[in-house]
file data10.txt (compact mmCIF, C-alpha atoms)
# COMPACT_ATOMS: atom_id res chain seq x y z
CA MET C 20 39.73 22.62 -22.19
CA VAL C 21 39.91 22.29 -25.97
CA TRP C 22 40.93 18.64 -25.68
CA GLU C 23 38.21 17.91 -23.11
CA ARG C 24 35.44 19.46 -25.18
CA GLN C 25 36.59 17.83 -28.40
CA SER C 26 36.84 14.44 -26.70
CA LEU C 27 33.43 14.67 -25.09
CA ALA C 28 31.91 15.72 -28.40
CA LEU C 29 33.15 12.43 -29.81
CA VAL C 30 32.53 10.00 -26.95
CA GLY C 31 29.82 11.70 -24.90
CA VAL C 32 26.39 10.14 -24.66
CA CYS C 33 23.27 11.79 -26.06
CA ARG C 34 20.72 11.86 -23.29
CA PRO C 35 16.92 11.97 -23.57
CA ARG C 36 15.67 15.29 -22.25
CA ALA C 37 12.26 16.37 -21.03
CA ARG C 38 13.02 20.03 -20.24
CA GLY C 39 14.55 23.06 -21.90
CA ARG C 40 18.17 24.12 -21.88
CA ILE C 41 19.66 27.50 -20.96
CA LEU C 42 22.93 28.49 -22.62
CA CYS C 43 25.46 30.59 -20.71
CA TYR C 44 27.55 33.03 -22.77
CA HIS C 45 29.74 35.93 -21.62
CA SER C 46 31.16 38.24 -24.30
CA ILE C 47 30.67 38.23 -28.07
CA GLY C 48 33.78 39.62 -29.74
CA GLN C 49 35.81 40.89 -26.76
CA ALA C 50 38.93 38.80 -27.18
CA GLU C 51 40.44 39.88 -23.85
CA PHE C 52 37.98 37.57 -22.10
CA GLY C 53 39.67 34.50 -23.49
CA VAL C 54 37.78 31.23 -23.40
CA ASN C 55 34.58 33.07 -22.42
CA ASP C 56 34.56 35.12 -25.61
CA VAL C 57 32.64 33.78 -28.61
CA HIS C 58 33.26 35.42 -31.99
CA PRO C 59 30.14 37.10 -33.41
CA ALA C 60 30.17 34.89 -36.51
CA ARG C 61 30.33 31.77 -34.34
CA PHE C 62 27.56 33.11 -32.11
CA ARG C 63 25.34 33.61 -35.15
CA ARG C 64 26.23 30.10 -36.29
CA HIS C 65 25.12 28.68 -32.93
CA ILE C 66 21.74 30.33 -33.38
CA GLU C 67 21.36 29.04 -36.93
CA LEU C 68 22.32 25.50 -35.91
CA SER C 69 19.77 25.61 -33.10
CA LEU C 70 16.98 26.82 -35.34
CA LYS C 71 17.85 24.25 -38.00
CA ALA C 72 17.66 21.53 -35.35
CA GLY C 73 14.13 22.63 -34.47
CA TYR C 74 14.75 24.51 -31.24
CA ARG C 75 12.46 27.32 -30.10
CA PHE C 76 14.07 30.21 -28.24
CA VAL C 77 12.27 31.31 -25.07
CA PRO C 78 13.23 33.63 -22.19
CA PRO C 79 15.43 31.94 -19.57
CA SER C 80 12.77 32.64 -16.95
CA VAL C 81 10.33 30.37 -18.79
CA ILE C 82 12.65 27.39 -18.45
CA ALA C 83 13.60 28.37 -14.89
CA GLN C 84 9.96 28.54 -13.79
CA THR C 85 8.29 25.81 -15.84
CA GLY C 86 11.10 23.57 -17.04
CA GLY C 87 10.10 24.19 -20.63
CA GLY C 88 9.97 21.49 -23.27
CA PRO C 89 12.78 19.40 -24.78
CA LYS C 90 13.05 21.72 -27.78
CA ASP C 91 13.02 24.96 -25.74
CA LEU C 92 16.33 26.82 -25.67
CA ALA C 93 17.30 30.06 -23.91
CA ILE C 94 20.28 32.40 -23.98
CA SER C 95 21.86 34.19 -21.03
CA PHE C 96 24.94 36.39 -20.61
CA ASP C 97 27.02 36.67 -17.44
CA ASP C 98 29.10 39.70 -16.38
CA GLY C 99 27.21 42.46 -18.23
CA LEU C 100 29.91 43.03 -20.84
CA LYS C 101 29.79 45.72 -23.51
CA SER C 102 29.57 43.37 -26.48
CA VAL C 103 26.17 42.08 -25.36
CA LEU C 104 24.81 45.44 -26.54
CA THR C 105 27.15 46.12 -29.43
CA ALA C 106 27.51 42.64 -30.99
CA ALA C 107 25.02 40.14 -29.53
CA ALA C 108 21.91 42.33 -29.33
CA PRO C 109 21.75 43.15 -33.08
CA ILE C 110 22.04 39.45 -33.95
CA LEU C 111 19.44 38.40 -31.39
CA ARG C 112 17.10 41.17 -32.51
CA GLU C 113 17.40 39.96 -36.09
CA TYR C 114 16.13 36.52 -35.04
CA ALA C 115 13.66 37.91 -32.45
CA ILE C 116 15.35 35.92 -29.67
CA PRO C 117 14.76 36.87 -26.01
CA TYR C 118 17.60 36.61 -23.50
CA ALA C 119 18.84 37.49 -20.03
CA LEU C 120 21.77 39.54 -18.73
CA PHE C 121 23.39 39.23 -15.30
CA ALA C 122 25.31 42.36 -14.30
CA VAL C 123 28.20 42.74 -11.88
CA SER C 124 27.01 45.93 -10.20
CA SER C 125 30.39 47.52 -9.35
CA TRP C 126 31.59 46.97 -12.92
CA SER C 127 28.53 48.75 -14.31
CA ASP C 128 29.08 51.58 -11.83
CA MET C 129 32.36 52.30 -13.68
CA LYS C 130 34.29 53.07 -10.48
CA ASP C 131 37.19 50.96 -11.75
CA PRO C 132 38.65 52.47 -14.96
CA TYR C 133 39.36 48.95 -16.25
CA TRP C 134 35.68 48.36 -16.91
CA ILE C 135 35.12 51.52 -18.94
CA ASP C 136 34.56 50.30 -22.53
CA ARG C 137 34.53 46.69 -21.28
CA ALA C 138 31.34 46.49 -19.21
CA LEU C 139 27.92 47.96 -19.83
CA ASP C 140 27.08 51.06 -17.81
CA TRP C 141 23.63 51.54 -16.32
CA ARG C 142 22.39 53.68 -19.20
CA GLU C 143 23.29 50.93 -21.66
CA ILE C 144 21.62 48.29 -19.51
CA GLU C 145 18.49 50.47 -19.53
CA VAL C 146 18.54 50.29 -23.33
CA LEU C 147 18.49 46.50 -23.11
CA LEU C 148 15.72 46.58 -20.52
CA LYS C 149 13.56 48.61 -22.89
CA ASP C 150 14.12 45.89 -25.49
CA GLY C 151 12.66 43.34 -23.08
CA VAL C 152 15.90 41.79 -21.86
CA GLU C 153 15.67 40.06 -18.48
CA VAL C 154 18.21 41.65 -16.11
CA GLY C 155 19.45 40.01 -12.92
CA SER C 156 22.37 40.24 -10.50
CA HIS C 157 25.79 38.63 -10.81
CA SER C 158 27.03 40.04 -7.45
CA VAL C 159 28.89 43.27 -6.62
CA SER C 160 32.43 42.22 -7.48
CA HIS C 161 32.28 38.70 -8.95
CA PRO C 162 33.87 36.77 -6.05
CA ASP C 163 34.09 33.02 -5.70
CA PHE C 164 31.29 32.41 -3.18
CA GLY C 165 32.95 29.12 -2.30
CA LYS C 166 35.92 31.02 -0.84
CA ILE C 167 34.40 34.03 0.93
CA ASP C 168 32.92 34.18 4.42
CA HIS C 169 29.23 34.35 5.24
CA GLN C 170 29.06 38.09 5.85
CA ARG C 171 30.80 38.96 2.61
CA ALA C 172 28.44 36.64 0.75
CA VAL C 173 25.44 38.41 2.29
CA ASP C 174 26.93 41.81 1.40
CA GLU C 175 27.55 40.76 -2.21
CA LEU C 176 23.99 39.46 -2.57
CA CYS C 177 22.18 42.33 -0.85
CA THR C 178 24.30 45.23 -2.07
CA SER C 179 24.17 44.20 -5.72
CA ARG C 180 20.40 43.88 -5.56
CA GLU C 181 20.07 47.29 -3.92
CA MET C 182 22.46 48.92 -6.42
CA ILE C 183 20.38 47.61 -9.31
CA ARG C 184 17.22 48.88 -7.61
CA GLN C 185 18.76 52.34 -7.25
CA ARG C 186 20.17 52.50 -10.77
CA LEU C 187 17.41 50.78 -12.76
CA GLY C 188 14.32 51.18 -10.59
CA PHE C 189 13.65 47.55 -9.69
CA ALA C 190 15.16 44.96 -7.39
CA PRO C 191 15.93 41.80 -9.39
CA ASP C 192 14.76 38.42 -8.14
CA THR C 193 17.24 36.46 -10.27
CA PHE C 194 20.90 35.81 -9.48
CA ALA C 195 23.62 34.05 -11.48
CA ILE C 196 26.42 32.49 -9.42
CA PRO C 197 29.87 33.84 -10.38
CA PHE C 198 31.89 30.99 -11.94
CA GLY C 199 28.69 28.98 -11.52
CA GLN C 200 30.03 25.56 -10.60
CA SER C 201 29.52 23.19 -7.69
CA MET C 202 32.64 24.40 -5.87
CA ASN C 203 31.52 28.04 -6.07
CA TRP C 204 28.35 27.85 -3.98
CA SER C 205 26.87 26.24 -0.87
CA GLU C 206 23.55 25.56 0.81
CA ALA C 207 24.26 28.49 3.13
CA CYS C 208 24.65 30.75 0.08
CA THR C 209 21.32 29.54 -1.26
CA ARG C 210 19.64 30.41 2.04
CA SER C 211 21.27 33.84 2.05
CA ALA C 212 20.22 34.47 -1.54
CA ARG C 213 16.61 33.58 -0.75
CA GLU C 214 16.67 35.86 2.29
CA ALA C 215 18.05 38.67 0.13
CA GLY C 216 15.06 38.37 -2.20
CA TYR C 217 16.30 36.20 -5.04
CA ARG C 218 13.71 33.74 -6.29
CA ILE C 219 15.76 32.11 -9.07
CA ILE C 220 19.45 31.20 -8.78
CA TYR C 221 21.27 30.19 -11.96
CA ALA C 222 24.33 27.94 -11.92
CA GLN C 223 26.06 26.06 -14.74
CA ALA C 224 26.60 22.33 -15.14
CA GLU C 225 23.35 20.44 -15.47
CA ASP C 226 24.15 17.43 -13.29
CA THR C 227 26.68 18.81 -10.82
CA ARG C 228 25.13 22.18 -9.99
CA PRO C 229 24.32 23.05 -6.36
CA GLU C 230 20.93 21.87 -5.14
CA GLY C 231 18.14 24.39 -5.58
CA THR C 232 19.74 26.15 -8.55
CA ILE C 233 18.78 26.32 -12.22
CA ALA C 234 21.11 24.62 -14.68
CA ARG C 235 22.80 26.31 -17.60
CA THR C 236 25.15 25.01 -20.28
CA PHE C 237 28.46 26.88 -20.56
CA VAL C 238 29.45 27.90 -24.12
CA THR C 239 33.09 28.63 -24.97
CA LYS C 240 35.10 30.21 -27.77
CA HIS C 241 36.16 26.71 -28.83
CA ASP C 242 32.63 25.52 -29.58
CA THR C 243 32.66 24.60 -33.25
CA ASP C 244 29.58 23.16 -34.92
CA ARG C 245 30.40 19.68 -33.65
CA ILE C 246 31.03 20.80 -30.07
CA PHE C 247 27.96 23.02 -29.99
CA LYS C 248 25.74 20.23 -31.26
CA ALA C 249 27.22 17.96 -28.60
CA ALA C 250 26.40 20.57 -25.96
CA LEU C 251 22.78 20.65 -27.09
CA ALA C 252 22.74 16.84 -26.96
CA GLY C 253 23.89 16.82 -23.33
CA HIS C 254 27.49 15.67 -23.72
CA TYR C 255 28.67 18.31 -21.24
CA ASP C 256 25.93 18.01 -18.64
CA ARG C 257 28.44 16.71 -16.08
CA TRP C 258 31.38 18.80 -17.34
CA GLU C 259 32.73 21.70 -15.31
CA GLU C 260 35.24 24.21 -16.58
CA TRP C 261 38.79 23.76 -15.34
CA TYR C 262 40.34 27.02 -14.17
call {"tool": "encode", "arguments": {"input": "data10.txt", "output": "structure tokens"}}
result
Amino acid sequence: MVWERQSLALVGVCRPRARGRILCYHSIGQAEFGVNDVHPARFRRHIELSLKAGYRFVPPSVIAQTGGGPKDLAISFDDGLKSVLTAAAPILREYAIPYALFAVSSWSDMKDPYWIDRALDWREIEVLLKDGVEVGSHSVSHPDFGKIDHQRAVDELCTSREMIRQRLGFAPDTFAIPFGQSMNWSEACTRSAREAGYRIIYAQAEDTRPEGTIARTFVTKHDTDRIFKAALAGHYDRWEEWY
């Protein structure tokens, strides 16, 4: 991955862009999440580079619904991890930047001891809600929707939405696909998500995402200034994470 991102930063093509871009982060300073974890100092640097380049931060829903403008940028976090509250939120509050969080409902329920002190519980997500954070679903258990059967997909979509309704008092109409790439979703999943009540479905790669989904740009721990600038310029719009 490091080699791929460094190479594309050098040889990738800057592409004219008429719409906004949504960045996809995961954790900020939780090293156990590997490539998905961005150090807080690097996260702050990404924000400063964006502002210096003339970008305006808007809620992800604005870009999802209107397309936004070429200098509109949004931030989203998948998985609902603890460091969104403890590390990312103070930085984003300092710059008055809106953002979205997509929670894995069983992780936030804390039924698995592994997620205690790793994922946000419902009380902590409520704190973010009160700060104006957009909250959506990221499924019940974070499966690969490209590998599960239809009934399990329906259960993951419907149960996560209902759990959020019970815990937070509203049923979200936004869903972020776990893993988020073309292999992890299907047209049948899109139909099931719509039937479950999701209006907006977020994926990842700009050019290879499943039809009917909203693009996001994956950000990794390896994204130095040069790589991050390349991401904003569209060098990774056809790139999908190898895993």
call {"tool": "atom_distance", "arguments": {"input": "data10.txt", "atom1": "CA of Asp168 in chain C", "atom2": "CA of Cys43 in chain C"}}
result
26.5 Å
call {"tool": "closest_residue", "arguments": {"input": "data10.txt", "among": "C:Ile135, C:Ala28, C:Leu92, C:Ala108", "to": "Leu120 in chain C", "atoms": "all atoms listed in the file"}}
result
C:Ala108
call {"tool": "atom_distance", "arguments": {"input": "data10.txt", "atom1": "CA of Pro229 in chain C", "atom2": "CA of Ser205 in chain C"}}
result
6.8 Å
call {"tool": "closest_residue", "arguments": {"input": "data10.txt", "among": "C:Lys248, C:Lys149, C:Arg171, C:Lys240", "to": "Ala60 in chain C", "atoms": "all atoms listed in the file"}}
result
C:Lys240
call {"tool": "residues_around", "arguments": {"input": "data10.txt", "residues": "Leu111 in chain C", "least_positions_apart": "6", "cutoff": "10 Å", "atoms": "all atoms listed in the file", "output": "list in words"}}
result
Phe62, Arg63, Ile66, Ile94, Val103, Pro117 and Tyr118 of chain C
call {"tool": "write_last_selection", "arguments": {"input": "data10.txt", "atoms": "C-alpha atoms", "output": "PDB file, in the frame of the given file"}}
result
ATOM      1  CA  PHE C  62      27.560  33.110 -32.110  1.00  0.00           C
ATOM      2  CA  ARG C  63      25.340  33.610 -35.150  1.00  0.00           C
ATOM      3  CA  ILE C  66      21.740  30.330 -33.380  1.00  0.00           C
ATOM      4  CA  ILE C  94      20.280  32.400 -23.980  1.00  0.00           C
ATOM      5  CA  VAL C 103      26.170  42.080 -25.360  1.00  0.00           C
ATOM      6  CA  PRO C 117      14.760  36.870 -26.010  1.00  0.00           C
ATOM      7  CA  TYR C 118      17.600  36.610 -23.500  1.00  0.00           C
TER       8      TYR C 118
END
call {"tool": "residues_around", "arguments": {"input": "data10.txt", "residues": "range 128-133 of chain C", "least_positions_apart": "5", "cutoff": "12 Å", "atoms": "all atoms listed in the file", "output": "JSON, numbers by chain"}}
result
{"C": [51, 99, 100, 122, 123, 138, 139, 140, 141, 142, 143, 144, 159, 160, 179, 182, 183, 185, 186, 187]}
call {"tool": "closest_atom_pairs", "arguments": {"input": "data10.txt", "of": "range 124-228 of chain C", "to": "range 79-84 of chain C", "cutoff": "12 Å", "atoms": "all atoms listed in the file", "output": "JSON lines"}}
result
{"residue": "C:Val152", "atom": "CA", "partner": "C:Pro79", "partner_atom": "CA", "distance": 10.1}
{"residue": "C:Glu153", "atom": "CA", "partner": "C:Ser80", "partner_atom": "CA", "distance": 8.1}
{"residue": "C:Val154", "atom": "CA", "partner": "C:Ser80", "partner_atom": "CA", "distance": 10.6}
{"residue": "C:Gly155", "atom": "CA", "partner": "C:Ser80", "partner_atom": "CA", "distance": 10.7}
{"residue": "C:Asp192", "atom": "CA", "partner": "C:Ser80", "partner_atom": "CA", "distance": 10.7}
{"residue": "C:Thr193", "atom": "CA", "partner": "C:Ser80", "partner_atom": "CA", "distance": 8.9}
{"residue": "C:Phe194", "atom": "CA", "partner": "C:Ser80", "partner_atom": "CA", "distance": 11.5}
{"residue": "C:Ala195", "atom": "CA", "partner": "C:Pro79", "partner_atom": "CA", "distance": 11.7}
{"residue": "C:Arg218", "atom": "CA", "partner": "C:Gln84", "partner_atom": "CA", "distance": 9.9}
{"residue": "C:Ile219", "atom": "CA", "partner": "C:Ala83", "partner_atom": "CA", "distance": 7.2}
{"residue": "C:Ile220", "atom": "CA", "partner": "C:Ala83", "partner_atom": "CA", "distance": 8.9}
{"residue": "C:Tyr221", "atom": "CA", "partner": "C:Ala83", "partner_atom": "CA", "distance": 8.4}
{"residue": "C:Ala222", "atom": "CA", "partner": "C:Ala83", "partner_atom": "CA", "distance": 11.1}
call {"tool": "residues_near_point", "arguments": {"input": "data10.txt", "point": "(28.3, 34.8, -22.5)", "cutoff": "9 Å", "atoms": "only C-alpha atoms", "output": "PyMOL selection string"}}
result
chain C and resi 42-47+55-57+94-100+103+120+237-239
call {"tool": "atom_distance", "arguments": {"input": "data10.txt", "atom1": "CA of Leu176 in chain C", "atom2": "CA of Ala224 in chain C"}}
result
21.4 Å
call {"tool": "residues_around", "arguments": {"input": "data10.txt", "residues": "Gly87 in chain C", "least_positions_apart": "2", "cutoff": "6 Å", "atoms": "only C-alpha atoms", "output": "list in words"}}
result
Arg38, Gly39, Ile82, Thr85 and Asp91 of chain C
call {"tool": "write_last_selection", "arguments": {"input": "data10.txt", "atoms": "C-alpha atoms", "output": "PDB file, in the frame of the given file"}}
result
ATOM      1  CA  ARG C  38      13.020  20.030 -20.240  1.00  0.00           C
ATOM      2  CA  GLY C  39      14.550  23.060 -21.900  1.00  0.00           C
ATOM      3  CA  ILE C  82      12.650  27.390 -18.450  1.00  0.00           C
ATOM      4  CA  THR C  85       8.290  25.810 -15.840  1.00  0.00           C
ATOM      5  CA  ASP C  91      13.020  24.960 -25.740  1.00  0.00           C
TER       6      ASP C  91
END
call {"tool": "closest_residue", "arguments": {"input": "data10.txt", "among": "C:Gln223, C:Ser102, C:Gln49, C:Ser125", "to": "Leu147 in chain C", "atoms": "all atoms listed in the file"}}
result
C:Ser102
call {"tool": "residues_around", "arguments": {"input": "data10.txt", "residues": "Ala207 in chain C", "least_positions_apart": "6", "cutoff": "10 Å", "atoms": "all atoms listed in the file", "output": "ChimeraX atom specification"}}
result
/C:169,172,213
call {"tool": "closest_residue", "arguments": {"input": "data10.txt", "among": "C:Gly53, C:Gly31, C:Pro89, C:Gly48", "to": "His241 in chain C", "atoms": "only C-alpha atoms"}}
result
C:Gly53
call {"tool": "closest_residue", "arguments": {"input": "data10.txt", "among": "C:His161, C:Lys166, C:Arg245, C:Arg257", "to": "Asn203 in chain C", "atoms": "all atoms listed in the file"}}
result
C:Lys166
call {"tool": "closest_residue", "arguments": {"input": "data10.txt", "among": "C:Gly199, C:Gly73, C:Gly188, C:Gly253", "to": "Pro35 in chain C", "atoms": "all atoms listed in the file"}}
result
C:Gly253
call {"tool": "residues_around", "arguments": {"input": "data10.txt", "residues": "Ala72 in chain C", "least_positions_apart": "3", "cutoff": "10 Å", "atoms": "all atoms listed in the file", "output": "PyMOL selection string"}}
result
chain C and resi 66-69+75+90+248+251
call {"tool": "decode", "arguments": {"input": "data10.txt", "residues": "range 160-215 of chain C", "atoms": "C-alpha atoms", "output": "PDB file, in the first residue's frame"}}
result
ATOM      1  CA  SER C 160     -21.233  -6.320  12.764  1.00  0.00           C
ATOM      2  CA  HIS C 161     -19.169  -4.893   9.876  1.00  0.00           C
ATOM      3  CA  PRO C 162     -19.454  -7.830   7.434  1.00  0.00           C
ATOM      4  CA  ASP C 163     -18.302  -7.876   3.841  1.00  0.00           C
ATOM      5  CA  PHE C 164     -21.648  -7.453   2.054  1.00  0.00           C
ATOM      6  CA  GLY C 165     -20.061  -8.950  -1.035  1.00  0.00           C
ATOM      7  CA  LYS C 166     -19.715 -12.295   0.775  1.00  0.00           C
ATOM      8  CA  ILE C 167     -22.916 -12.641   2.817  1.00  0.00           C
ATOM      9  CA  ASP C 168     -26.297 -13.914   1.660  1.00  0.00           C
ATOM     10  CA  HIS C 169     -29.337 -11.761   0.986  1.00  0.00           C
ATOM     11  CA  GLN C 170     -31.100 -12.400   4.285  1.00  0.00           C
ATOM     12  CA  ARG C 171     -28.053 -11.589   6.364  1.00  0.00           C
ATOM     13  CA  ALA C 172     -27.576  -8.385   4.376  1.00  0.00           C
ATOM     14  CA  VAL C 173     -31.177  -7.371   5.090  1.00  0.00           C
ATOM     15  CA  ASP C 174     -30.724  -8.184   8.791  1.00  0.00           C
ATOM     16  CA  GLU C 175     -27.527  -6.131   9.002  1.00  0.00           C
ATOM     17  CA  LEU C 176     -29.197  -3.141   7.335  1.00  0.00           C
ATOM     18  CA  CYS C 177     -32.499  -3.229   9.214  1.00  0.00           C
ATOM     19  CA  THR C 178     -31.245  -4.249  12.645  1.00  0.00           C
ATOM     20  CA  SER C 179     -28.512  -1.608  12.769  1.00  0.00           C
ATOM     21  CA  ARG C 180     -31.004   1.093  11.824  1.00  0.00           C
ATOM     22  CA  GLU C 181     -33.450  -0.086  14.473  1.00  0.00           C
ATOM     23  CA  MET C 182     -30.734  -0.316  17.144  1.00  0.00           C
ATOM     24  CA  ILE C 183     -29.713   3.268  16.461  1.00  0.00           C
ATOM     25  CA  ARG C 184     -33.361   4.339  16.641  1.00  0.00           C
ATOM     26  CA  GLN C 185     -33.741   2.642  20.021  1.00  0.00           C
ATOM     27  CA  ARG C 186     -30.486   3.951  21.469  1.00  0.00           C
ATOM     28  CA  LEU C 187     -30.391   7.476  20.025  1.00  0.00           C
ATOM     29  CA  GLY C 188     -34.016   8.261  19.244  1.00  0.00           C
ATOM     30  CA  PHE C 189     -33.863   8.482  15.457  1.00  0.00           C
ATOM     31  CA  ALA C 190     -33.565   6.071  12.559  1.00  0.00           C
ATOM     32  CA  PRO C 191     -30.665   7.138  10.324  1.00  0.00           C
ATOM     33  CA  ASP C 192     -31.165   7.477   6.588  1.00  0.00           C
ATOM     34  CA  THR C 193     -27.436   7.267   5.789  1.00  0.00           C
ATOM     35  CA  PHE C 194     -25.346   4.105   5.521  1.00  0.00           C
ATOM     36  CA  ALA C 195     -21.621   3.604   4.906  1.00  0.00           C
ATOM     37  CA  ILE C 196     -20.658   0.314   3.265  1.00  0.00           C
ATOM     38  CA  PRO C 197     -18.186  -1.707   5.373  1.00  0.00           C
ATOM     39  CA  PHE C 198     -14.858  -1.877   3.490  1.00  0.00           C
ATOM     40  CA  GLY C 199     -16.584   0.375   0.968  1.00  0.00           C
ATOM     41  CA  GLN C 200     -15.189  -0.908  -2.310  1.00  0.00           C
ATOM     42  CA  SER C 201     -16.709  -2.257  -5.508  1.00  0.00           C
ATOM     43  CA  MET C 202     -16.286  -5.887  -4.433  1.00  0.00           C
ATOM     44  CA  ASN C 203     -18.094  -5.273  -1.129  1.00  0.00           C
ATOM     45  CA  TRP C 204     -21.532  -4.330  -2.447  1.00  0.00           C
ATOM     46  CA  SER C 205     -24.071  -5.173  -5.147  1.00  0.00           C
ATOM     47  CA  GLU C 206     -27.173  -3.790  -6.828  1.00  0.00           C
ATOM     48  CA  ALA C 207     -29.244  -6.140  -4.669  1.00  0.00           C
ATOM     49  CA  CYS C 208     -27.671  -4.596  -1.554  1.00  0.00           C
ATOM     50  CA  THR C 209     -28.560  -1.130  -2.815  1.00  0.00           C
ATOM     51  CA  ARG C 210     -32.185  -2.192  -3.266  1.00  0.00           C
ATOM     52  CA  SER C 211     -32.252  -3.714   0.213  1.00  0.00           C
ATOM     53  CA  ALA C 212     -30.724  -0.593   1.734  1.00  0.00           C
ATOM     54  CA  ARG C 213     -33.339   1.614   0.079  1.00  0.00           C
ATOM     55  CA  GLU C 214     -36.113  -0.680   1.299  1.00  0.00           C
ATOM     56  CA  ALA C 215     -34.669  -0.515   4.820  1.00  0.00           C
TER      57      ALA C 215
END
